[in-house]
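K.L.:
Can you read through this structure? Questions will come right after.
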Amino acid sequence: MNAQSRTKAPAWAIWLPLVLFVGFVALVTIGLYRPADRAVGSTLVGKPMPAFVLPAALPDRPGLRSADIASGKPHLVNIFASWCIPCRVEAPQLGALARAGVAIEGISVRDSSEALNGFLKENGDPYQRIGADDDGKVQLALGSSGVPETYVIDGKGVIRYQHIGEIRPEHVPMILEKLREASQ
Amino acid sequence: MTRLLSLVPLVAALGFAVPVLAQEEQSTAPFAYRQLSDPAQEREAQALMETLRCLQCQGQSIADSDAPIAGSMRSLVRERIAAGEEPEAIRGWLIERYGDYVSYAPQLTTLTWPLFAVPLVIVALAALLLRKRFRRGEAR
């Protein structure tokens, strides 16, 4: 081996692998302790709501069509189900919003009318209409990845905001603000 | 032995225990758990389903997942394939709603091109650096 023809590496180069390794460990640690947000938001926010027609979930209440929602006034569309526990948590907040004069429409996902009746008796009933999305198609069409989710739809039928997860008491003023923005 | 026997009722109780309140309802969509009758179409649907992410259990494809929303997505895929829609059009429909995250098949976009370019750059760099060494080997 001809040692002279080789250029000698600087002395600090011996630390390079260790520095790279420590950097890698730091990256993994940050990733472990601050995991990324796993909520999958709908990319339809800011776009018109897809057209749909859902049959009535309860015999004494109309089902839900997208045309009902694009009626010139902002609406909340709440995707929920009687089997969903966080939906029970957000029920009082939806009740408060309904009392404040907000038009709330429901889409019940994979549900039965008996279970739904029980749920509404127990947790209050803020809905003007409830559409039955038995196979989950409309949920997918709206870009919703779970229950509960709540959409703010303006009077022209454009999705203005998507709230993922239950509406907690501290979210109510923000939802009212989004509705006010949607009405302008 | 008696200690072991005392475990029997416990194990039996676990076996019979039913969830008090199911956190989800099984998907009732028509093709969530039923294959298409045409094997060629089912194969096409299966190939697509293996590359779509379940939105609830995010490490799994909708073909592997038993989550109700995965059932709804499988049914959507199969019904659209049966109706003659192209698999890539169905993928596009889902990406339009959920973003690239819903697809496991990587797309080449303005954001992802470095992922494809970096390996090529590294190989080119390695070839450049090692070129001298190989040449010296030949000379000896």
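Ligands are numbered from 1 in the order shown, chains are lettered A, B, ... in the order of the structure tokens, and residues start at 1 in each chain.
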Residues of chain B within 10 Å of chain A, using only C-alpha atoms, as number ranges by chain?

P.N.:
B: 21-32, 54-56, 58, 68-73, 75-76, 93-102, 133, 140

K.L.:
Quick one: DSSP alpha helix (DSSP H) residues in region 16-66 of chain A, as a list in words?

P.N.:
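Alpha helix (DSSP H) assignments inside region 16-66 of chain A correspond to Leu16, Pro17, Leu18, Val19, Leu20, Phe21, Val22, Gly23, Phe24, Val25, Ala26, Leu27, Val28, Thr29, Ile30, Gly31, Leu32, Tyr33 and Ser66 of chain A.
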
K.L.:
Please, could you write that set of residues out with N, CA and C atoms as an mmCIF file, in the first residue's frame?

P.N.:
data_model
loop_
_atom_site.group_PDB
_atom_site.id
_atom_site.type_symbol
_atom_site.label_atom_id
_atom_site.label_comp_id
_atom_site.auth_asym_id
_atom_site.auth_seq_id
_atom_site.Cartn_x
_atom_site.Cartn_y
_atom_site.Cartn_z
ATOM 1 N N LEU A 16 -16.605 12.203 13.764
ATOM 2 C CA LEU A 16 -17.751 12.383 12.867
ATOM 3 C C LEU A 16 -18.825 11.299 13.032
ATOM 4 N N PRO A 17 -18.431 9.995 13.056
ATOM 5 C CA PRO A 17 -19.471 8.960 13.240
ATOM 6 C C PRO A 17 -20.239 9.122 14.541
ATOM 7 N N LEU A 18 -19.512 9.490 15.632
ATOM 8 C CA LEU A 18 -20.177 9.659 16.927
ATOM 9 C C LEU A 18 -21.173 10.816 16.860
ATOM 10 N N VAL A 19 -20.745 11.923 16.246
ATOM 11 C CA VAL A 19 -21.628 13.093 16.124
ATOM 12 C C VAL A 19 -22.884 12.724 15.325
ATOM 13 N N LEU A 20 -22.699 12.001 14.233
ATOM 14 C CA LEU A 20 -23.843 11.573 13.422
ATOM 15 C C LEU A 20 -24.778 10.701 14.244
ATOM 16 N N PHE A 21 -24.176 9.778 15.036
ATOM 17 C CA PHE A 21 -24.984 8.863 15.843
ATOM 18 C C PHE A 21 -25.789 9.625 16.896
ATOM 19 N N VAL A 22 -25.106 10.566 17.590
ATOM 20 C CA VAL A 22 -25.796 11.349 18.629
ATOM 21 C C VAL A 22 -26.926 12.159 17.990
ATOM 22 N N GLY A 23 -26.670 12.709 16.822
ATOM 23 C CA GLY A 23 -27.704 13.459 16.105
ATOM 24 C C GLY A 23 -28.905 12.579 15.807
ATOM 25 N N PHE A 24 -28.633 11.349 15.389
ATOM 26 C CA PHE A 24 -29.706 10.411 15.066
ATOM 27 C C PHE A 24 -30.529 10.078 16.317
ATOM 28 N N VAL A 25 -29.816 9.815 17.447
ATOM 29 C CA VAL A 25 -30.512 9.504 18.700
ATOM 30 C C VAL A 25 -31.377 10.694 19.118
ATOM 31 N N ALA A 26 -30.854 11.914 18.979
ATOM 32 C CA ALA A 26 -31.622 13.105 19.350
ATOM 33 C C ALA A 26 -32.904 13.185 18.514
ATOM 34 N N LEU A 27 -32.787 12.893 17.233
ATOM 35 C CA LEU A 27 -33.942 12.949 16.331
ATOM 36 C C LEU A 27 -35.015 11.941 16.763
ATOM 37 N N VAL A 28 -34.565 10.719 17.083
ATOM 38 C CA VAL A 28 -35.504 9.670 17.511
ATOM 39 C C VAL A 28 -36.172 10.068 18.819
ATOM 40 N N THR A 29 -35.372 10.635 19.770
ATOM 41 C CA THR A 29 -35.919 11.026 21.065
ATOM 42 C C THR A 29 -36.996 12.094 20.895
ATOM 43 N N ILE A 30 -36.696 13.091 20.076
ATOM 44 C CA ILE A 30 -37.691 14.152 19.841
ATOM 45 C C ILE A 30 -38.966 13.540 19.264
ATOM 46 N N GLY A 31 -38.792 12.628 18.303
ATOM 47 C CA GLY A 31 -39.949 11.984 17.681
ATOM 48 C C GLY A 31 -40.754 11.163 18.665
ATOM 49 N N LEU A 32 -40.064 10.536 19.627
ATOM 50 C CA LEU A 32 -40.748 9.704 20.620
ATOM 51 C C LEU A 32 -41.538 10.542 21.599
ATOM 52 N N TYR A 33 -40.935 11.660 22.061
ATOM 53 C CA TYR A 33 -41.580 12.427 23.111
ATOM 54 C C TYR A 33 -42.556 13.464 22.586
ATOM 55 N N SER A 66 -77.757 17.533 1.040
ATOM 56 C CA SER A 66 -76.802 18.650 1.024
ATOM 57 C C SER A 66 -77.513 19.952 0.660
#

K.L.:
Can you tell me how far CA of Lys73 (chain A) sits from CA of Val152 (chain A), in Å to one decimal?

P.N.:
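So the answer is 10.8 Å.
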
K.L.:
Tell me, as a PyMOL selection string, which residues lie within 8 Å of region 37-42 of chain B, counting only C-alpha atoms; anything in the same chain fewer than 6 positions away does not count.

P.N.:
chain B and resi 78+81-82
